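Data block for coords.txt (compact mmCIF, N, CA and C atoms):
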# COMPACT_ATOMS: atom_id res chain seq x y z
N MET F 21 -9.37 9.77 -25.17
CA MET F 21 -9.82 8.64 -25.96
C MET F 21 -11.21 8.25 -25.48
N MET F 22 -12.07 7.97 -26.40
CA MET F 22 -13.41 7.51 -26.07
C MET F 22 -13.40 5.99 -25.98
N TYR F 23 -14.01 5.48 -24.93
CA TYR F 23 -14.08 4.04 -24.73
C TYR F 23 -15.52 3.57 -24.95
N THR F 24 -15.64 2.35 -25.45
CA THR F 24 -16.98 1.77 -25.54
C THR F 24 -17.40 1.37 -24.12
N ARG F 25 -18.67 1.08 -23.95
CA ARG F 25 -19.13 0.70 -22.61
C ARG F 25 -18.50 -0.61 -22.15
N PHE F 26 -18.13 -1.46 -23.10
CA PHE F 26 -17.49 -2.73 -22.76
C PHE F 26 -16.05 -2.51 -22.30
N GLU F 27 -15.35 -1.62 -22.99
CA GLU F 27 -13.98 -1.28 -22.58
C GLU F 27 -13.98 -0.62 -21.21
N LYS F 28 -14.92 0.28 -21.01
CA LYS F 28 -15.01 0.98 -19.72
C LYS F 28 -15.28 -0.02 -18.60
N ALA F 29 -16.19 -0.95 -18.82
CA ALA F 29 -16.50 -1.96 -17.80
C ALA F 29 -15.29 -2.83 -17.50
N ARG F 30 -14.55 -3.20 -18.52
CA ARG F 30 -13.36 -4.05 -18.35
C ARG F 30 -12.26 -3.30 -17.60
N ILE F 31 -12.06 -2.03 -17.93
CA ILE F 31 -11.03 -1.21 -17.27
C ILE F 31 -11.38 -1.03 -15.80
N ILE F 32 -12.61 -0.65 -15.52
CA ILE F 32 -13.02 -0.41 -14.14
C ILE F 32 -12.99 -1.71 -13.34
N GLY F 33 -13.43 -2.81 -13.93
CA GLY F 33 -13.40 -4.09 -13.24
C GLY F 33 -11.98 -4.54 -12.93
N ALA F 34 -11.08 -4.38 -13.89
CA ALA F 34 -9.69 -4.78 -13.68
C ALA F 34 -9.04 -3.92 -12.61
N ARG F 35 -9.31 -2.63 -12.63
CA ARG F 35 -8.72 -1.73 -11.63
C ARG F 35 -9.30 -2.01 -10.24
N ALA F 36 -10.60 -2.29 -10.17
CA ALA F 36 -11.22 -2.61 -8.88
C ALA F 36 -10.61 -3.88 -8.29
N LEU F 37 -10.32 -4.85 -9.14
CA LEU F 37 -9.67 -6.08 -8.67
C LEU F 37 -8.28 -5.78 -8.13
N GLN F 38 -7.54 -4.92 -8.83
CA GLN F 38 -6.21 -4.53 -8.35
C GLN F 38 -6.30 -3.85 -6.99
N ILE F 39 -7.26 -2.95 -6.84
CA ILE F 39 -7.43 -2.21 -5.59
C ILE F 39 -7.80 -3.18 -4.46
N SER F 40 -8.69 -4.13 -4.75
CA SER F 40 -9.12 -5.07 -3.71
C SER F 40 -7.99 -6.00 -3.28
N HIS F 41 -6.98 -6.14 -4.14
CA HIS F 41 -5.83 -6.98 -3.79
C HIS F 41 -4.67 -6.18 -3.21
N GLY F 42 -4.93 -4.89 -2.91
CA GLY F 42 -3.94 -4.09 -2.20
C GLY F 42 -3.13 -3.11 -3.02
N ALA F 43 -3.48 -2.90 -4.27
CA ALA F 43 -2.75 -1.92 -5.09
C ALA F 43 -2.97 -0.52 -4.52
N PRO F 44 -1.97 0.35 -4.64
CA PRO F 44 -2.15 1.71 -4.12
C PRO F 44 -3.22 2.47 -4.91
N VAL F 45 -4.01 3.24 -4.19
CA VAL F 45 -5.07 4.05 -4.81
C VAL F 45 -4.45 5.35 -5.27
N LEU F 46 -4.78 5.78 -6.47
CA LEU F 46 -4.13 6.93 -7.09
C LEU F 46 -4.90 8.24 -6.92
N VAL F 47 -5.99 8.21 -6.17
CA VAL F 47 -6.82 9.41 -6.00
C VAL F 47 -7.27 9.47 -4.54
N ASP F 48 -7.47 10.70 -4.04
CA ASP F 48 -8.01 10.85 -2.69
C ASP F 48 -9.48 10.50 -2.73
N TYR F 49 -9.93 9.74 -1.74
CA TYR F 49 -11.33 9.34 -1.68
C TYR F 49 -11.82 9.42 -0.25
N PRO F 50 -13.12 9.60 -0.05
CA PRO F 50 -13.66 9.68 1.32
C PRO F 50 -13.43 8.37 2.08
N GLU F 51 -13.24 8.47 3.38
CA GLU F 51 -12.98 7.27 4.19
C GLU F 51 -14.16 6.33 4.23
N ASP F 52 -15.38 6.84 4.02
CA ASP F 52 -16.55 5.96 4.06
C ASP F 52 -16.77 5.22 2.74
N MET F 53 -15.95 5.51 1.73
CA MET F 53 -16.04 4.81 0.45
C MET F 53 -15.18 3.55 0.55
N LEU F 54 -15.83 2.40 0.68
CA LEU F 54 -15.11 1.15 0.89
C LEU F 54 -15.13 0.23 -0.32
N ASP F 55 -16.05 0.42 -1.24
CA ASP F 55 -16.20 -0.47 -2.39
C ASP F 55 -15.11 -0.17 -3.43
N PRO F 56 -14.31 -1.17 -3.80
CA PRO F 56 -13.26 -0.94 -4.80
C PRO F 56 -13.80 -0.47 -6.14
N ILE F 57 -15.01 -0.86 -6.49
CA ILE F 57 -15.60 -0.42 -7.76
C ILE F 57 -15.84 1.08 -7.73
N ASP F 58 -16.33 1.60 -6.61
CA ASP F 58 -16.54 3.05 -6.48
C ASP F 58 -15.23 3.81 -6.58
N ILE F 59 -14.20 3.27 -5.96
CA ILE F 59 -12.88 3.92 -6.01
C ILE F 59 -12.34 3.88 -7.45
N ALA F 60 -12.52 2.74 -8.13
CA ALA F 60 -12.07 2.63 -9.52
C ALA F 60 -12.84 3.60 -10.41
N LEU F 61 -14.14 3.77 -10.17
CA LEU F 61 -14.93 4.75 -10.93
C LEU F 61 -14.42 6.16 -10.70
N LEU F 62 -14.03 6.45 -9.47
CA LEU F 62 -13.48 7.77 -9.15
C LEU F 62 -12.16 7.99 -9.89
N GLU F 63 -11.32 6.98 -9.91
CA GLU F 63 -10.06 7.08 -10.65
C GLU F 63 -10.32 7.22 -12.15
N PHE F 64 -11.27 6.47 -12.67
CA PHE F 64 -11.59 6.55 -14.10
C PHE F 64 -12.07 7.95 -14.47
N GLY F 65 -12.93 8.51 -13.62
CA GLY F 65 -13.43 9.86 -13.86
C GLY F 65 -12.33 10.91 -13.83
N SER F 66 -11.30 10.65 -13.04
CA SER F 66 -10.17 11.58 -12.95
C SER F 66 -9.12 11.34 -14.03
N GLY F 67 -9.26 10.25 -14.76
CA GLY F 67 -8.30 9.94 -15.82
C GLY F 67 -6.98 9.41 -15.29
N LEU F 68 -6.98 8.75 -14.14
CA LEU F 68 -5.74 8.31 -13.50
C LEU F 68 -5.50 6.81 -13.56
N ILE F 69 -6.34 6.06 -14.22
CA ILE F 69 -6.17 4.61 -14.24
C ILE F 69 -5.02 4.25 -15.18
N PRO F 70 -4.01 3.52 -14.66
CA PRO F 70 -2.84 3.19 -15.48
C PRO F 70 -3.05 1.93 -16.34
N ILE F 71 -4.12 1.91 -17.11
CA ILE F 71 -4.42 0.78 -17.98
C ILE F 71 -4.65 1.35 -19.39
N THR F 72 -4.06 0.69 -20.38
CA THR F 72 -4.25 1.13 -21.76
C THR F 72 -5.06 0.10 -22.53
N VAL F 73 -5.73 0.57 -23.57
CA VAL F 73 -6.54 -0.30 -24.42
C VAL F 73 -5.90 -0.32 -25.80
N VAL F 74 -5.66 -1.52 -26.31
CA VAL F 74 -5.11 -1.68 -27.65
C VAL F 74 -6.20 -2.27 -28.52
N ARG F 75 -6.55 -1.56 -29.57
CA ARG F 75 -7.57 -2.05 -30.50
C ARG F 75 -6.90 -2.56 -31.75
N ASN F 76 -7.36 -3.70 -32.21
CA ASN F 76 -6.78 -4.28 -33.43
C ASN F 76 -7.65 -4.02 -34.62
Since I need it in another form, could you write the structure as structure tokens?
Amino acid sequence: MMYTRFEKARIIGARALQISHGAPVLVDYPEDMLDPIDIALLEFGSGLIPITVVRN
């Protein structure tokens, strides 16, 4: 599915917030990567983010 830049920003932001609050990370990442946004971007690139978008 293709996402608009706004949907992508919302998905990555929501996932980064989940990660920063202790949610389990779904992808292997380097130990020096500490920013939740970078980890969320890595998950988004891998297609592993468990968030769906409903368009009306």
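Nearest to Leu37 (chain F) of all the residues F:Ile69, F:Pro56, F:Glu51, F:Arg25 is F:Pro56, counting only N, CA and C atoms.
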Problem - DSSP-assigned alpha helix (DSSP H) members of chain F, reported as a ChimeraX atom specification - result: /F:25-40,56-66
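One finds atom N of Tyr49 (chain F) at 29.6 Å from atom C of Val74 (chain F).
When all atoms listed in the file are used to compute distances to Gly33 (chain F), the closest of the residues F:Leu54, F:Val47, F:Ala60, F:Ile71 turns out to be F:Ala60.
Taking CA of Met22 (chain F) and CA of Met53 (chain F) as endpoints, the distance between them is 26.8 Å.
What separates atom N of Phe26 (chain F) from atom C of Gln38 (chain F) is a distance of 20.1 Å.
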Problem - Phe64 (chain F) surroundings by only C-alpha atoms, 9 Å radius, close-in-sequence under 4 positions cut, as a PyMOL selection string - result: chain F and resi 28+31-32+59-60+68-69
Residue selection dump (N, CA and C atoms) as a compact mmCIF listing (two decimals), in the coordinates of the input:
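This went into part_31.txt:
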# COMPACT_ATOMS: atom_id res chain seq x y z
N LYS F 28 -14.92 0.28 -21.01
CA LYS F 28 -15.01 0.98 -19.72
C LYS F 28 -15.28 -0.02 -18.60
N ILE F 31 -12.06 -2.03 -17.93
CA ILE F 31 -11.03 -1.21 -17.27
C ILE F 31 -11.38 -1.03 -15.80
N ILE F 32 -12.61 -0.65 -15.52
CA ILE F 32 -13.02 -0.41 -14.14
C ILE F 32 -12.99 -1.71 -13.34
N ILE F 59 -14.20 3.27 -5.96
CA ILE F 59 -12.88 3.92 -6.01
C ILE F 59 -12.34 3.88 -7.45
N ALA F 60 -12.52 2.74 -8.13
CA ALA F 60 -12.07 2.63 -9.52
C ALA F 60 -12.84 3.60 -10.41
N LEU F 68 -6.98 8.75 -14.14
CA LEU F 68 -5.74 8.31 -13.50
C LEU F 68 -5.50 6.81 -13.56
N ILE F 69 -6.34 6.06 -14.22
CA ILE F 69 -6.17 4.61 -14.24
C ILE F 69 -5.02 4.25 -15.18
Fill in the blank from the handout: Shortest contact to Ala34 (chain F), candidates F:Thr72, F:Met21, F:Ser66, F:Asp52, atoms counted only C-alpha atoms, goes to F:Thr72
